[in-house]
>>> print(open('upload-v1.tsv').read())   # TSV, C-alpha atoms
chain	number	residue	atom	x	y	z
X	606	MET	CA	3.14	10.85	-63.48
X	607	SER	CA	0.27	8.67	-64.75
X	608	TRP	CA	0.67	5.08	-65.88
X	609	THR	CA	-0.11	6.12	-69.50
X	610	LYS	CA	2.69	8.67	-69.55
X	611	ARG	CA	5.11	6.26	-67.95
X	612	ARG	CA	4.42	3.57	-70.54
X	613	THR	CA	5.17	5.93	-73.44
X	614	THR	CA	8.78	6.21	-72.30
X	615	LEU	CA	9.36	2.47	-72.82
X	616	THR	CA	10.18	0.77	-76.12
X	617	SER	CA	7.32	-0.79	-77.97
X	618	SER	CA	8.36	-4.36	-77.14
X	619	ASP	CA	9.11	-3.64	-73.46
X	620	GLY	CA	6.02	-1.51	-73.17
X	621	SER	CA	3.71	-4.22	-74.42
X	622	ARG	CA	5.36	-6.80	-72.17
X	623	HIS	CA	5.19	-4.60	-69.04
X	624	SER	CA	1.63	-3.54	-69.82
X	625	LYS	CA	0.54	-7.16	-70.06
X	626	GLU	CA	2.27	-8.03	-66.76
X	627	GLU	CA	0.67	-5.03	-65.04
X	628	ARG	CA	-2.78	-5.95	-66.32
X	629	ASP	CA	-2.31	-9.54	-65.16
X	630	THR	CA	-1.14	-8.34	-61.71
X	631	GLU	CA	-4.10	-5.98	-61.35
X	632	GLN	CA	-6.53	-8.75	-62.30
X	633	ILE	CA	-4.99	-11.12	-59.74
X	634	GLU	CA	-5.21	-8.46	-56.99
X	635	ASP	CA	-8.83	-7.76	-57.85
X	636	ILE	CA	-9.63	-11.47	-57.65
X	637	GLN	CA	-7.84	-11.75	-54.28
X	638	ILE	CA	-9.64	-8.77	-52.77
X	639	THR	CA	-13.00	-9.99	-54.06
X	640	ALA	CA	-12.33	-13.47	-52.72
X	641	ARG	CA	-11.78	-12.17	-49.16
X	642	PRO	CA	-14.67	-12.64	-46.73
X	643	LEU	CA	-16.95	-9.65	-46.40
X	644	ALA	CA	-16.25	-9.41	-42.66
X	645	GLN	CA	-12.50	-9.21	-43.32
X	646	GLN	CA	-13.01	-6.47	-45.91
X	647	ARG	CA	-15.06	-4.47	-43.41
X	648	THR	CA	-12.37	-4.92	-40.75
X	649	MET	CA	-9.71	-3.54	-43.07
X	650	GLU	CA	-11.93	-0.59	-43.93
X	651	GLU	CA	-12.53	0.14	-40.24
X	652	LEU	CA	-8.82	-0.02	-39.44
X	653	THR	CA	-8.07	2.38	-42.25
X	654	GLU	CA	-10.86	4.72	-41.19
X	655	HIS	CA	-9.83	4.92	-37.49
X	656	TYR	CA	-6.06	4.92	-37.93
X	657	THR	CA	-5.67	8.56	-36.92
X	658	ARG	CA	-4.36	9.07	-33.37
X	659	TYR	CA	-6.79	11.87	-32.61
X	660	PRO	CA	-10.16	11.14	-34.24
X	661	ASN	CA	-11.71	14.23	-32.60
X	662	ARG	CA	-10.79	17.26	-30.53
X	663	TRP	CA	-11.57	15.68	-27.17
X	664	SER	CA	-9.20	12.77	-27.86
X	665	ARG	CA	-6.30	15.24	-28.11
X	666	TYR	CA	-7.16	16.82	-24.75
X	667	ARG	CA	-7.68	13.41	-23.18
X	668	ASP	CA	-4.20	12.34	-24.25
X	669	LEU	CA	-2.74	15.38	-22.46
X	670	ILE	CA	-4.53	14.88	-19.13
X	671	LYS	CA	-5.04	11.12	-18.89
X	672	GLU	CA	-2.02	10.41	-16.66
X	673	PRO	CA	-2.80	12.88	-13.84
X	674	VAL	CA	-6.50	12.06	-14.13
X	675	ALA	CA	-5.65	8.37	-13.71
X	676	GLU	CA	-3.71	9.23	-10.55
X	677	PHE	CA	-6.67	11.30	-9.34
X	678	PHE	CA	-9.12	8.45	-9.80
X	679	GLY	CA	-6.69	5.89	-8.39
X	680	VAL	CA	-6.31	7.80	-5.11
X	681	MET	CA	-10.01	8.62	-4.99
X	682	ILE	CA	-10.87	4.92	-5.21
X	683	LEU	CA	-8.28	4.16	-2.54
X	684	ILE	CA	-9.82	6.71	-0.18
X	685	ILE	CA	-13.42	5.69	-0.89
X	686	PHE	CA	-12.70	2.13	0.20
X	687	GLY	CA	-10.26	3.06	2.98
X	688	THR	CA	-12.13	5.85	4.75
X	689	GLY	CA	-15.40	4.12	3.95
X	690	VAL	CA	-14.41	1.03	5.92
X	691	ASP	CA	-13.09	3.27	8.71
X	692	CYS	CA	-16.48	4.96	9.03
X	693	GLN	CA	-18.45	1.74	8.87
X	694	VAL	CA	-16.38	-0.15	11.43
X	695	ILE	CA	-15.72	2.66	13.91
X	696	LEU	CA	-19.09	4.42	13.80
X	697	SER	CA	-21.07	1.17	14.06
X	698	ARG	CA	-19.49	0.58	17.48
X	699	ASN	CA	-21.81	3.26	18.84
X	700	THR	CA	-24.99	1.59	20.10
X	701	LYS	CA	-27.06	4.53	18.81
X	702	VAL	CA	-25.94	3.60	15.30
X	703	ALA	CA	-26.05	-0.20	15.27
X	704	ALA	CA	-26.84	-3.03	17.64
X	705	VAL	CA	-23.56	-4.77	16.78
X	706	PRO	CA	-20.35	-3.48	15.18
X	707	PHE	CA	-20.04	-3.96	11.44
X	708	GLY	CA	-16.51	-5.29	11.30
X	709	ASP	CA	-13.29	-5.25	13.30
X	710	TYR	CA	-9.64	-4.24	12.87
X	711	LEU	CA	-9.09	-6.90	10.23
X	712	SER	CA	-11.95	-5.37	8.27
X	713	LEU	CA	-10.05	-2.08	8.24
X	714	ASN	CA	-6.98	-3.81	6.84
X	715	PHE	CA	-9.03	-5.50	4.13
X	716	GLY	CA	-10.72	-2.24	3.15
X	717	TRP	CA	-7.47	-0.36	2.67
X	718	ALA	CA	-5.92	-3.31	0.83
X	719	VAL	CA	-8.88	-3.52	-1.55
X	720	GLY	CA	-8.75	0.24	-2.15
X	721	THR	CA	-5.03	0.07	-2.98
X	722	ALA	CA	-5.42	-2.87	-5.35
X	723	LEU	CA	-8.36	-1.38	-7.22
X	724	GLY	CA	-6.80	2.09	-7.35
X	725	VAL	CA	-3.66	0.66	-8.95
X	726	TRP	CA	-5.76	-1.49	-11.27
X	727	VAL	CA	-7.62	1.56	-12.57
X	728	SER	CA	-4.55	3.74	-13.04
X	729	GLY	CA	-1.67	1.30	-13.56
X	730	GLY	CA	-1.87	0.94	-17.33
X	731	ILE	CA	-2.22	4.68	-17.89
X	732	SER	CA	-0.03	6.49	-15.37
X	733	GLY	CA	1.94	3.67	-13.77
X	734	GLY	CA	-0.39	3.44	-10.78
X	735	HIS	CA	1.72	5.42	-8.31
X	736	ILE	CA	-1.26	6.75	-6.30
X	737	ASN	CA	1.30	7.84	-3.70
X	738	PRO	CA	3.64	10.87	-3.72
X	739	ALA	CA	6.29	8.81	-1.92
X	740	VAL	CA	6.34	6.39	-4.86
X	741	THR	CA	6.42	9.21	-7.41
X	742	ILE	CA	9.30	11.03	-5.72
X	743	ALA	CA	11.30	7.83	-5.20
X	744	LEU	CA	10.95	6.80	-8.87
X	745	ALA	CA	11.90	10.28	-10.02
X	746	THR	CA	14.96	10.28	-7.77
X	747	PHE	CA	16.35	6.83	-8.49
X	748	ARG	CA	14.72	5.80	-11.74
X	749	ASP	CA	13.90	7.52	-15.02
X	750	PHE	CA	10.52	8.98	-14.08
X	751	PRO	CA	10.52	12.60	-15.37
X	752	TRP	CA	10.74	15.27	-12.69
X	753	ARG	CA	8.55	17.54	-14.80
X	754	LYS	CA	5.62	15.21	-14.13
X	755	VAL	CA	6.12	15.06	-10.36
X	756	PRO	CA	4.22	18.25	-9.35
X	757	VAL	CA	1.24	17.37	-11.57
X	758	TYR	CA	1.12	13.79	-10.27
X	759	ILE	CA	1.28	14.89	-6.62
X	760	PHE	CA	-1.39	17.55	-7.08
X	761	ALA	CA	-3.70	15.03	-8.76
X	762	GLN	CA	-3.07	12.50	-5.99
X	763	VAL	CA	-3.86	14.97	-3.20
X	764	MET	CA	-7.00	16.19	-4.96
X	765	GLY	CA	-8.10	12.60	-5.47
X	766	GLY	CA	-7.73	12.04	-1.74
X	767	LEU	CA	-9.72	15.18	-0.97
X	768	CYS	CA	-12.56	14.26	-3.31
X	769	GLY	CA	-12.67	10.65	-2.15
X	770	ALA	CA	-12.91	11.78	1.46
X	771	GLY	CA	-15.61	14.28	0.51
X	772	ILE	CA	-17.70	11.52	-1.05
X	773	ILE	CA	-17.43	9.35	2.07
X	774	TYR	CA	-18.11	12.29	4.40
X	775	ALA	CA	-21.30	13.08	2.50
X	776	ASN	CA	-22.30	9.41	2.65
X	777	TYR	CA	-21.79	9.06	6.42
X	778	ILE	CA	-22.58	12.61	7.58
X	779	HIS	CA	-25.75	11.62	9.46
X	780	VAL	CA	-23.98	8.84	11.34
X	781	ILE	CA	-21.16	11.23	12.22
X	782	ASP	CA	-23.77	13.68	13.56
X	783	ILE	CA	-25.19	10.95	15.81
X	784	VAL	CA	-21.81	9.96	17.18
X	785	GLU	CA	-20.61	13.55	17.68
X	786	GLY	CA	-23.91	14.78	19.09
X	787	GLY	CA	-24.88	17.29	16.41
X	788	ARG	CA	-24.11	18.72	12.98
X	789	HIS	CA	-21.95	21.53	14.35
X	790	ILE	CA	-19.86	19.37	16.68
X	791	ARG	CA	-16.64	18.00	15.24
X	792	THR	CA	-13.76	16.72	17.37
X	793	VAL	CA	-10.05	16.18	16.71
X	794	PRO	CA	-8.89	13.49	16.65
X	795	GLY	CA	-12.37	12.09	17.36
X	796	THR	CA	-14.17	11.51	14.09
X	797	ALA	CA	-11.41	13.37	12.25
X	798	GLY	CA	-9.42	10.17	12.72
X	799	LEU	CA	-11.83	8.43	10.37
X	800	PHE	CA	-10.29	10.35	7.48
X	801	SER	CA	-6.67	11.10	8.42
X	802	THR	CA	-4.09	9.53	10.71
X	803	TYR	CA	-3.50	10.55	14.32
X	804	ALA	CA	-0.92	8.72	16.44
X	805	ALA	CA	-1.71	7.02	19.72
X	806	ASP	CA	-1.16	9.13	22.83
X	807	TYR	CA	1.62	6.93	24.19
X	808	MET	CA	3.74	7.35	21.03
X	809	THR	CA	6.68	9.75	21.14
X	810	SER	CA	7.41	11.94	18.15
X	811	VAL	CA	10.44	9.86	17.20
X	812	SER	CA	8.42	6.65	17.44
X	813	CYS	CA	5.66	8.10	15.26
X	814	TRP	CA	8.15	9.17	12.61
X	815	PHE	CA	9.95	5.82	12.60
X	816	ASP	CA	6.68	3.88	12.33
X	817	GLU	CA	5.68	5.71	9.14
X	818	PHE	CA	9.23	5.60	7.80
X	819	LEU	CA	9.43	1.82	8.29
X	820	GLY	CA	6.08	1.05	6.69
X	821	THR	CA	6.84	3.12	3.58
X	822	ALA	CA	10.36	1.69	3.22
X	823	VAL	CA	8.87	-1.81	3.17
X	824	LEU	CA	6.24	-0.63	0.70
X	825	LEU	CA	8.82	0.67	-1.78
X	826	ILE	CA	11.06	-2.39	-1.48
X	827	VAL	CA	8.12	-4.56	-2.49
X	828	VAL	CA	7.05	-2.17	-5.26
X	829	CYS	CA	10.58	-2.22	-6.69
X	830	ALA	CA	10.65	-6.01	-6.51
X	831	ILE	CA	7.34	-6.62	-8.29
X	832	THR	CA	8.27	-4.21	-11.09
X	833	ASP	CA	11.77	-5.68	-11.59
X	834	VAL	CA	11.69	-7.90	-14.69
X	835	ARG	CA	14.87	-9.65	-13.49
X	836	ASN	CA	13.40	-10.66	-10.15
X	837	GLY	CA	10.45	-12.87	-11.06
X	838	PRO	CA	7.69	-10.22	-11.31
X	839	PRO	CA	4.08	-11.36	-11.03
X	840	PRO	CA	2.24	-12.22	-14.27
X	841	PRO	CA	0.61	-9.32	-16.13
X	842	GLY	CA	-2.47	-8.09	-14.34
X	843	LEU	CA	-1.55	-9.58	-10.95
X	844	VAL	CA	0.41	-6.63	-9.56
X	845	PRO	CA	-2.74	-5.31	-7.80
X	846	LEU	CA	-3.10	-8.70	-6.08
X	847	VAL	CA	0.45	-8.48	-4.74
X	848	LEU	CA	-0.21	-4.94	-3.53
X	849	PHE	CA	-3.39	-6.16	-1.85
X	850	ILE	CA	-1.38	-8.74	0.10
X	851	MET	CA	1.31	-6.19	0.96
X	852	ILE	CA	-1.07	-3.50	2.29
X	853	LEU	CA	-2.99	-6.15	4.20
X	854	GLY	CA	0.27	-7.25	5.81
X	855	ILE	CA	1.49	-3.75	6.61
X	856	GLY	CA	-1.83	-2.90	8.21
X	857	ALA	CA	-1.91	-6.10	10.24
X	858	ALA	CA	1.68	-5.72	11.43
X	859	LEU	CA	2.41	-1.98	11.56
X	860	GLY	CA	-0.94	-0.21	11.55
X	861	MET	CA	-1.98	0.09	15.19
X	862	GLN	CA	0.17	2.98	16.42
X	863	THR	CA	-0.03	5.65	13.72
X	864	GLY	CA	-2.74	4.36	11.37
X	865	TYR	CA	-0.17	3.45	8.66
X	866	ALA	CA	-0.58	6.45	6.38
X	867	ILE	CA	2.50	5.41	4.30
X	868	ASN	CA	1.12	7.77	1.67
X	869	PRO	CA	1.15	11.58	1.94
X	870	ALA	CA	-1.82	11.97	-0.42
X	871	ARG	CA	-3.85	9.43	1.55
X	872	ASP	CA	-3.46	11.64	4.64
X	873	LEU	CA	-3.21	15.21	3.33
X	874	GLY	CA	-6.17	15.06	0.94
X	875	PRO	CA	-8.69	13.86	3.57
X	876	ARG	CA	-7.13	16.20	6.15
X	877	LEU	CA	-7.82	19.16	3.90
X	878	LEU	CA	-11.40	17.95	3.58
X	879	THR	CA	-11.88	17.76	7.34
X	880	ALA	CA	-10.49	21.28	7.76
X	881	MET	CA	-13.04	22.49	5.19
X	882	VAL	CA	-16.14	20.79	6.65
X	883	GLY	CA	-15.93	21.98	10.24
X	884	TYR	CA	-12.98	20.41	12.03
X	885	GLY	CA	-10.96	23.59	11.54
X	886	GLY	CA	-7.28	24.27	12.05
X	887	ALA	CA	-7.01	21.70	14.84
X	888	VAL	CA	-6.35	19.02	12.22
X	889	PHE	CA	-3.07	20.81	11.43
X	890	SER	CA	-2.02	22.01	14.90
X	891	PHE	CA	-2.42	18.53	16.45
X	892	ARG	CA	0.85	17.54	18.18
X	893	HIS	CA	2.89	20.43	16.79
X	894	GLN	CA	2.09	20.04	13.08
X	895	TYR	CA	2.06	16.27	13.23
X	896	TRP	CA	0.44	16.26	9.76
X	897	LEU	CA	3.66	17.49	8.17
X	898	TRP	CA	6.54	15.64	9.78
X	899	CYS	CA	4.88	12.27	10.28
X	900	PRO	CA	2.42	11.30	7.49
X	901	ILE	CA	4.16	13.40	4.82
X	902	ILE	CA	7.90	13.71	5.44
X	903	ALA	CA	8.41	10.28	7.01
X	904	PRO	CA	6.81	8.36	4.10
X	905	ILE	CA	8.80	10.33	1.54
X	906	VAL	CA	12.08	9.60	3.33
X	907	GLY	CA	11.06	5.98	3.86
X	908	GLY	CA	10.27	5.61	0.18
X	909	LEU	CA	13.64	7.04	-0.82
X	910	VAL	CA	15.51	4.74	1.56
X	911	GLY	CA	13.53	1.66	0.48
X	912	THR	CA	14.19	2.33	-3.21
X	913	PHE	CA	17.86	3.08	-2.51
X	914	LEU	CA	18.34	-0.21	-0.65
X	915	TYR	CA	16.67	-2.25	-3.39
X	916	ASP	CA	18.67	-0.60	-6.15
X	917	LEU	CA	21.89	-0.84	-4.15
X	918	PHE	CA	21.72	-4.59	-3.58
X	919	PHE	CA	19.39	-6.08	-6.19
X	920	PHE	CA	18.42	-3.92	-9.16
X	921	THR	CA	20.66	-4.10	-12.24
X	922	GLY	CA	18.65	-2.10	-14.78
X	923	ASN	CA	20.38	0.87	-16.37
X	924	GLU	CA	17.48	3.18	-15.54
X	925	SER	CA	18.59	3.28	-11.90
X	926	LEU	CA	20.71	6.17	-10.70
X	927	LEU	CA	23.01	3.69	-8.94
X	928	ASN	CA	23.71	1.76	-12.15
X	929	ARG	CA	24.83	4.65	-14.33
X	930	PRO	CA	28.35	4.05	-15.73
X	931	ASN	CA	31.17	5.97	-14.07
X	932	ALA	CA	34.07	7.69	-15.83
X	933	THR	CA	36.23	4.54	-15.80
X	934	ALA	CA	33.51	2.42	-17.40
X	935	ARG	CA	32.85	5.04	-20.08
X	936	ALA	CA	36.55	5.33	-20.92
X	937	HIS	CA	36.92	1.55	-21.15
X	938	HIS	CA	33.88	1.35	-23.42
X	939	GLU	CA	35.29	4.01	-25.73
X	940	ARG	CA	38.64	2.22	-25.94
X	941	ALA	CA	36.85	-1.01	-26.85
X	942	ARG	CA	34.93	0.74	-29.62
X	943	ASN	CA	38.07	2.29	-31.08
X	944	THR	CA	40.13	-0.91	-30.84
X	945	GLU	CA	37.62	-3.30	-32.37
X	946	GLY	CA	36.55	-0.92	-35.07
X	947	VAL	CA	32.98	-2.23	-35.07
X	948	PRO	CA	29.81	-0.42	-34.14
X	949	ILE	CA	29.09	-0.74	-30.43
X	950	ALA	CA	26.06	0.80	-28.77
X	951	PRO	CA	26.77	3.66	-26.37
X	952	ILE	CA	27.27	2.39	-22.84
X	953	GLU	CA	24.23	4.32	-21.60
X	954	GLN	CA	22.04	2.07	-23.76
X	955	MET	CA	23.53	-1.18	-22.47
X	956	VAL	CA	21.94	-3.00	-19.54
>>> encode(input="upload-v1.tsv", output="structure tokens")
Amino acid sequence: MSWTKRRTTLTSSDGSRHSKEERDTEQIEDIQITARPLAQQRTMEELTEHYTRYPNRWSRYRDLIKEPVAEFFGVMILIIFGTGVDCQVILSRNTKVAAVPFGDYLSLNFGWAVGTALGVWVSGGISGGHINPAVTIALATFRDFPWRKVPVYIFAQVMGGLCGAGIIYANYIHVIDIVEGGRHIRTVPGTAGLFSTYAADYMTSVSCWFDEFLGTAVLLIVVCAITDVRNGPPPPGLVPLVLFIMILGIGAALGMQTGYAINPARDLGPRLLTAMVGYGGAVFSFRHQYWLWCPIIAPIVGGLVGTFLYDLFFFTGNESLLNRPNATARAHHERARNTEGVPIAPIEQMV
């Protein structure tokens, strides 16, 4: 209904009074809009113009894939820095490559710590920055992370590891040829150990498994702590710094014997790459399928145990599986609602 039609339904006295008030209001609004700075008017126009969530077709597709793509890039960055420092430090020890080594064991620890911090920094605000299947599975088991996202996250993480290792292999292929003695010579563990983890010869199978289990359990305890708002989390933007310190510490303290995979994607992705570029099936048959039970299963179990211990003793958020109300608590809550006769939020929504 137009303003003209609406005014005709009023009495003559009320109509004239309302019409005058409306005209005065419109004039005041026009004066206020005109008096605004030109820059502010343009800003309002731009906000109105770009309010739509999907301004074009690509933005809709991007919204669907951005989380797994963030995990892909996060792991790829981790592997570029991690395997890159492995190649530089280890290959430069050969006198045919360099007169002096470019780095030492501490350099390896710094490289993997930098890769972890930057990988989480790139992906954290988009996907949560898991960059590790052990983290994804632990959060889906004990927290509210959706299980439907787990397969996609893990696939993206493994593919990120494969592509990151492929980039580094292409970058250092000529140095690897020099150290191995030719393009068609590839040894396991040998230079395959630059990309995936292989335990020291003196380690028993149980010791290998426990080493990876321990490192990942510590990793998840720290991850749970720095993401717990009730336990003094680091300021916004400093989580990657804490992860840098943690990975540096794990490498310095627990990295010598198995190479501290503590991340199935960090090991499986590069291992697939080495199998594809000439190392063959030996990367999987090493020590009776070491690739499966040590750098994959042990970190997953370690991550579950670390998250369980933190939630059991410290975490009080209602998103934890261990903090869900039992039958007694639910019955007590219902009795309180009925007795008081006032609206009370469902117990599942209370922290």
>>> closest_residue(input="upload-v1.tsv", among="X:Thr700, X:Thr912, X:Ser664, X:Asn868", to="X:Ala830", atoms="only C-alpha atoms")
X:Thr912
>>> closest_residue(input="upload-v1.tsv", among="X:Leu859, X:Val740, X:Val906, X:Ile850", to="X:Glu676", atoms="all atoms listed in the file")
X:Val740
>>> closest_residue(input="upload-v1.tsv", among="X:Cys829, X:Ala770, X:Val823, X:Leu843", to="X:Val882", atoms="all atoms listed in the file")
X:Ala770
>>> closest_residue(input="upload-v1.tsv", among="X:Tyr758, X:Phe678, X:Phe815, X:Phe889", to="X:Gly720", atoms="all atoms listed in the file")
X:Phe678
>>> atom_distance(input="upload-v1.tsv", atom1="atom CA of X:Thr792", atom2="atom CA of X:Gly885")
9.4 Å
>>> residues_around(input="upload-v1.tsv", residues="X:Val680", least_positions_apart="4", cutoff="8 Å", atoms="all atoms listed in the file", output="list in words")
Glu676, Ile684, Gly724, Ile736, Asn737, Gln762, Val763, Gly765, Gly766, Gly769, Ala870 and Arg871 of chain X
